[in-house]
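Engineer: Sharing a structure with you now.
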Amino acid sequence: MITVNGREQVAWQEGLTVQGLLELLHYTYPQLVISINGALVPEEAYATEVIPDNAEMQVTHLMAGG
C-alpha cells in the first residue's frame, strides 16, 4: 500500500514509478515537490523512480501568489 499525503491509500504495484502514480491520481499541476519516505525526488527522476511498498509519499503543489 502507498499512502499519499497522509490520507489517500493506493494499492502498491510492482514497478510503479512516481510518474505512473501521478498519472493514476490525475495530478496535472506543472510544479510539484515530491518526497518518498522523507527523501525528495528530483523531477528528472519521476519516470524512473520506483515507489516501494508501504511508502509514505508527499505531493505538494507549488503555486505563485501575490
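The way I read the labels, and the way they are meant: chains A, B, ... in the order of the C-alpha cells, residue 1 as the first residue of every chain, and ligand 1 as the first ligand shown, with later ones counted on from there.
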Applying 8 Å and only C-alpha atoms, which residues near A:Val4 remain after dropping the ones on its own chain fewer than 6 positions away? List them as number ranges by chain.
Structural biologist: A: 10, 56-59
Engineer: Residues within 9 Å of A:Val18, please, as a count of residues only. Count only C-alpha atoms; anything in the same chain fewer than 6 positions from it doesn't count.
Structural biologist: 9
Engineer: Point out the residue among A:Leu25, A:Leu40, A:Leu16, A:Val33 with the least atom-to-atom distance to A:Thr60, counting only C-alpha atoms.
Structural biologist: A:Val33
Engineer: If you run DSSP on this backbone, which residues of chain A come out as strand (DSSP E), and could you give them as a PyMOL selection string?
Structural biologist: chain A and resi 2-4+8-10+32-36+39-41+56-61
Engineer: Extract, using only C-alpha atoms, all DNA, RNA and protein residues at most 12 Å from A:Thr28, discarding same-chain residues fewer than 4 positions from it, and format them as a PDB file with all heavy atoms, in the first residue's frame.
Structural biologist:
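Writing done, so here's result.pdb:
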```pdb
ATOM      1  N   GLN A  19       5.970   8.945 -11.811  1.00  0.00           N
ATOM      2  CA  GLN A  19       5.177   9.436 -12.948  1.00  0.00           C
ATOM      3  C   GLN A  19       3.906   8.614 -13.122  1.00  0.00           C
ATOM      4  O   GLN A  19       2.828   9.149 -13.345  1.00  0.00           O
ATOM      5  CB  GLN A  19       6.001   9.413 -14.236  1.00  0.00           C
ATOM      6  CG  GLN A  19       5.285  10.010 -15.423  1.00  0.00           C
ATOM      7  CD  GLN A  19       5.018  11.490 -15.266  1.00  0.00           C
ATOM      8  OE1 GLN A  19       5.879  12.229 -14.824  1.00  0.00           O
ATOM      9  NE2 GLN A  19       3.829  11.918 -15.594  1.00  0.00           N
ATOM     10  N   LEU A  21       2.245   6.959 -10.837  1.00  0.00           N
ATOM     11  CA  LEU A  21       1.299   7.262  -9.763  1.00  0.00           C
ATOM     12  C   LEU A  21       0.648   8.623  -9.979  1.00  0.00           C
ATOM     13  O   LEU A  21      -0.556   8.779  -9.770  1.00  0.00           O
ATOM     14  CB  LEU A  21       1.984   7.214  -8.400  1.00  0.00           C
ATOM     15  CG  LEU A  21       1.049   7.423  -7.215  1.00  0.00           C
ATOM     16  CD1 LEU A  21       0.053   6.279  -7.096  1.00  0.00           C
ATOM     17  CD2 LEU A  21       1.820   7.575  -5.930  1.00  0.00           C
ATOM     18  N   LEU A  22       1.416   9.601 -10.434  1.00  0.00           N
ATOM     19  CA  LEU A  22       0.850  10.924 -10.710  1.00  0.00           C
ATOM     20  C   LEU A  22      -0.229  10.824 -11.783  1.00  0.00           C
ATOM     21  O   LEU A  22      -1.287  11.460 -11.680  1.00  0.00           O
ATOM     22  CB  LEU A  22       1.945  11.903 -11.141  1.00  0.00           C
ATOM     23  CG  LEU A  22       2.969  12.274 -10.074  1.00  0.00           C
ATOM     24  CD1 LEU A  22       4.065  13.144 -10.688  1.00  0.00           C
ATOM     25  CD2 LEU A  22       2.322  12.963  -8.897  1.00  0.00           C
ATOM     26  N   GLU A  23       0.020  10.030 -12.812  1.00  0.00           N
ATOM     27  CA  GLU A  23      -0.981   9.838 -13.868  1.00  0.00           C
ATOM     28  C   GLU A  23      -2.202   9.099 -13.324  1.00  0.00           C
ATOM     29  O   GLU A  23      -3.336   9.457 -13.636  1.00  0.00           O
ATOM     30  CB  GLU A  23      -0.362   9.081 -15.035  1.00  0.00           C
ATOM     31  CG  GLU A  23       0.660   9.900 -15.789  1.00  0.00           C
ATOM     32  CD  GLU A  23       1.446   9.097 -16.812  1.00  0.00           C
ATOM     33  OE1 GLU A  23       1.168   7.887 -17.017  1.00  0.00           O
ATOM     34  OE2 GLU A  23       2.367   9.687 -17.412  1.00  0.00           O
ATOM     35  N   LEU A  24      -1.971   8.080 -12.507  1.00  0.00           N
ATOM     36  CA  LEU A  24      -3.058   7.305 -11.913  1.00  0.00           C
ATOM     37  C   LEU A  24      -3.981   8.189 -11.075  1.00  0.00           C
ATOM     38  O   LEU A  24      -5.204   8.035 -11.092  1.00  0.00           O
ATOM     39  CB  LEU A  24      -2.473   6.183 -11.055  1.00  0.00           C
ATOM     40  CG  LEU A  24      -3.432   5.209 -10.398  1.00  0.00           C
ATOM     41  CD1 LEU A  24      -4.082   4.324 -11.454  1.00  0.00           C
ATOM     42  CD2 LEU A  24      -2.702   4.352  -9.391  1.00  0.00           C
ATOM     43  N   LEU A  32       5.468  20.415  -8.996  1.00  0.00           N
ATOM     44  CA  LEU A  32       5.222  19.577  -7.829  1.00  0.00           C
ATOM     45  C   LEU A  32       6.529  19.343  -7.091  1.00  0.00           C
ATOM     46  O   LEU A  32       7.596  19.296  -7.702  1.00  0.00           O
ATOM     47  CB  LEU A  32       4.656  18.220  -8.249  1.00  0.00           C
ATOM     48  CG  LEU A  32       3.319  18.211  -8.970  1.00  0.00           C
ATOM     49  CD1 LEU A  32       3.017  16.819  -9.494  1.00  0.00           C
ATOM     50  CD2 LEU A  32       2.211  18.676  -8.049  1.00  0.00           C
ATOM     51  N   VAL A  59       3.019  14.822  -1.865  1.00  0.00           N
ATOM     52  CA  VAL A  59       2.953  15.553  -3.131  1.00  0.00           C
ATOM     53  C   VAL A  59       2.459  16.953  -2.781  1.00  0.00           C
ATOM     54  O   VAL A  59       1.355  17.124  -2.269  1.00  0.00           O
ATOM     55  CB  VAL A  59       1.995  14.886  -4.129  1.00  0.00           C
ATOM     56  CG1 VAL A  59       1.944  15.676  -5.432  1.00  0.00           C
ATOM     57  CG2 VAL A  59       2.406  13.441  -4.392  1.00  0.00           C
ATOM     58  N   THR A  60       3.297  17.949  -3.055  1.00  0.00           N
ATOM     59  CA  THR A  60       2.965  19.336  -2.753  1.00  0.00           C
ATOM     60  C   THR A  60       2.923  20.125  -4.051  1.00  0.00           C
ATOM     61  O   THR A  60       3.861  20.058  -4.854  1.00  0.00           O
ATOM     62  CB  THR A  60       4.021  19.948  -1.807  1.00  0.00           C
ATOM     63  OG1 THR A  60       4.124  19.125  -0.647  1.00  0.00           O
ATOM     64  CG2 THR A  60       3.641  21.355  -1.402  1.00  0.00           C
ATOM     65  N   HIS A  61       1.833  20.881  -4.240  1.00  0.00           N
ATOM     66  CA  HIS A  61       1.686  21.736  -5.419  1.00  0.00           C
ATOM     67  C   HIS A  61       2.318  23.091  -5.135  1.00  0.00           C
ATOM     68  O   HIS A  61       2.032  23.674  -4.089  1.00  0.00           O
ATOM     69  CB  HIS A  61       0.202  21.977  -5.739  1.00  0.00           C
ATOM     70  CG  HIS A  61      -0.595  20.723  -5.885  1.00  0.00           C
ATOM     71  ND1 HIS A  61      -0.598  19.991  -7.024  1.00  0.00           N
ATOM     72  CD2 HIS A  61      -1.410  20.086  -5.006  1.00  0.00           C
ATOM     73  CE1 HIS A  61      -1.390  18.945  -6.856  1.00  0.00           C
ATOM     74  NE2 HIS A  61      -1.891  18.981  -5.643  1.00  0.00           N
ATOM     75  N   LEU A  62       3.148  23.558  -6.029  1.00  0.00           N
ATOM     76  CA  LEU A  62       3.714  24.902  -5.899  1.00  0.00           C
ATOM     77  C   LEU A  62       2.839  25.869  -6.686  1.00  0.00           C
ATOM     78  O   LEU A  62       2.493  25.623  -7.837  1.00  0.00           O
ATOM     79  CB  LEU A  62       5.146  24.938  -6.445  1.00  0.00           C
ATOM     80  CG  LEU A  62       6.158  24.060  -5.730  1.00  0.00           C
ATOM     81  CD1 LEU A  62       7.507  24.184  -6.405  1.00  0.00           C
ATOM     82  CD2 LEU A  62       6.258  24.435  -4.272  1.00  0.00           C
TER      83      LEU A  62
END
```
Engineer: Pick from A:Ser35, A:Pro42, A:Ala64, A:Tyr27: nearest to A:Thr3, with only C-alpha atoms counted?
Structural biologist: A:Ser35
Engineer: Please, what distance in Å, to one decimal, runs between atom CA of A:Gly15 and atom CA of A:Asp53?
Structural biologist: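 Value for the atom CA of A:Gly15-atom CA of A:Asp53 distance: 10.1 Å.
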Engineer: Take atom CA of A:Met63 and atom CA of A:Gln31 and report the distance between them in Å, one decimal.
Structural biologist: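 Calculated distance between atom CA of A:Met63 and atom CA of A:Gln31 is 7.7 Å.
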Engineer: Quick one: everything within 8 Å of A:Met1, counting only C-alpha atoms, minus sequence neighbours fewer than 4 positions away in the same chain. Send it as JSON, numbers by chain.
Structural biologist: {"A": [9, 10, 11, 12, 53, 54, 55]}
Engineer: Using DSSP on the backbone coordinates, identify the residues of stretch 4-56 of chain A assigned to helix (DSSP H, G or I); present them as a tab-separated table (two decimals) with all heavy atoms, in the first residue's frame.
Structural biologist:
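Result saved to part.tsv:
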```tsv
chain	number	residue	atom	x	y	z
A	18	VAL	N	6.98	7.13	-9.91
A	18	VAL	CA	6.35	8.38	-9.47
A	18	VAL	C	5.46	8.91	-10.59
A	18	VAL	O	4.31	9.27	-10.35
A	18	VAL	CB	7.41	9.42	-9.06
A	18	VAL	CG1	6.79	10.78	-8.83
A	18	VAL	CG2	8.18	8.96	-7.83
A	19	GLN	N	5.97	8.94	-11.81
A	19	GLN	CA	5.18	9.44	-12.95
A	19	GLN	C	3.91	8.61	-13.12
A	19	GLN	O	2.83	9.15	-13.35
A	19	GLN	CB	6.00	9.41	-14.24
A	19	GLN	CG	5.29	10.01	-15.42
A	19	GLN	CD	5.02	11.49	-15.27
A	19	GLN	OE1	5.88	12.23	-14.82
A	19	GLN	NE2	3.83	11.92	-15.59
A	20	GLY	N	4.02	7.30	-13.00
A	20	GLY	CA	2.85	6.43	-13.13
A	20	GLY	C	1.80	6.72	-12.07
A	20	GLY	O	0.60	6.75	-12.35
A	21	LEU	N	2.24	6.96	-10.84
A	21	LEU	CA	1.30	7.26	-9.76
A	21	LEU	C	0.65	8.62	-9.98
A	21	LEU	O	-0.56	8.78	-9.77
A	21	LEU	CB	1.98	7.21	-8.40
A	21	LEU	CG	1.05	7.42	-7.21
A	21	LEU	CD1	0.05	6.28	-7.10
A	21	LEU	CD2	1.82	7.57	-5.93
A	22	LEU	N	1.42	9.60	-10.43
A	22	LEU	CA	0.85	10.92	-10.71
A	22	LEU	C	-0.23	10.82	-11.78
A	22	LEU	O	-1.29	11.46	-11.68
A	22	LEU	CB	1.94	11.90	-11.14
A	22	LEU	CG	2.97	12.27	-10.07
A	22	LEU	CD1	4.07	13.14	-10.69
A	22	LEU	CD2	2.32	12.96	-8.90
A	23	GLU	N	0.02	10.03	-12.81
A	23	GLU	CA	-0.98	9.84	-13.87
A	23	GLU	C	-2.20	9.10	-13.32
A	23	GLU	O	-3.34	9.46	-13.64
A	23	GLU	CB	-0.36	9.08	-15.03
A	23	GLU	CG	0.66	9.90	-15.79
A	23	GLU	CD	1.45	9.10	-16.81
A	23	GLU	OE1	1.17	7.89	-17.02
A	23	GLU	OE2	2.37	9.69	-17.41
A	24	LEU	N	-1.97	8.08	-12.51
A	24	LEU	CA	-3.06	7.31	-11.91
A	24	LEU	C	-3.98	8.19	-11.08
A	24	LEU	O	-5.20	8.03	-11.09
A	24	LEU	CB	-2.47	6.18	-11.05
A	24	LEU	CG	-3.43	5.21	-10.40
A	24	LEU	CD1	-4.08	4.32	-11.45
A	24	LEU	CD2	-2.70	4.35	-9.39
A	43	GLU	N	12.64	16.07	-10.16
A	43	GLU	CA	11.67	15.96	-11.25
A	43	GLU	C	12.18	15.07	-12.39
A	43	GLU	O	11.41	14.31	-12.97
A	43	GLU	CB	11.33	17.35	-11.78
A	43	GLU	CG	10.25	17.34	-12.83
A	43	GLU	CD	9.82	18.72	-13.27
A	43	GLU	OE1	10.32	19.72	-12.74
A	43	GLU	OE2	8.94	18.79	-14.17
A	44	GLU	N	13.47	15.15	-12.67
A	44	GLU	CA	14.01	14.34	-13.77
A	44	GLU	C	13.99	12.84	-13.46
A	44	GLU	O	14.18	12.01	-14.35
A	44	GLU	CB	15.42	14.79	-14.15
A	44	GLU	CG	16.43	14.73	-13.04
A	44	GLU	CD	16.53	15.99	-12.20
A	44	GLU	OE1	15.70	16.91	-12.33
A	44	GLU	OE2	17.44	16.04	-11.37
A	45	ALA	N	13.71	12.46	-12.21
A	45	ALA	CA	13.66	11.05	-11.83
A	45	ALA	C	12.23	10.51	-11.74
A	45	ALA	O	12.05	9.32	-11.47
A	45	ALA	CB	14.36	10.85	-10.49
```
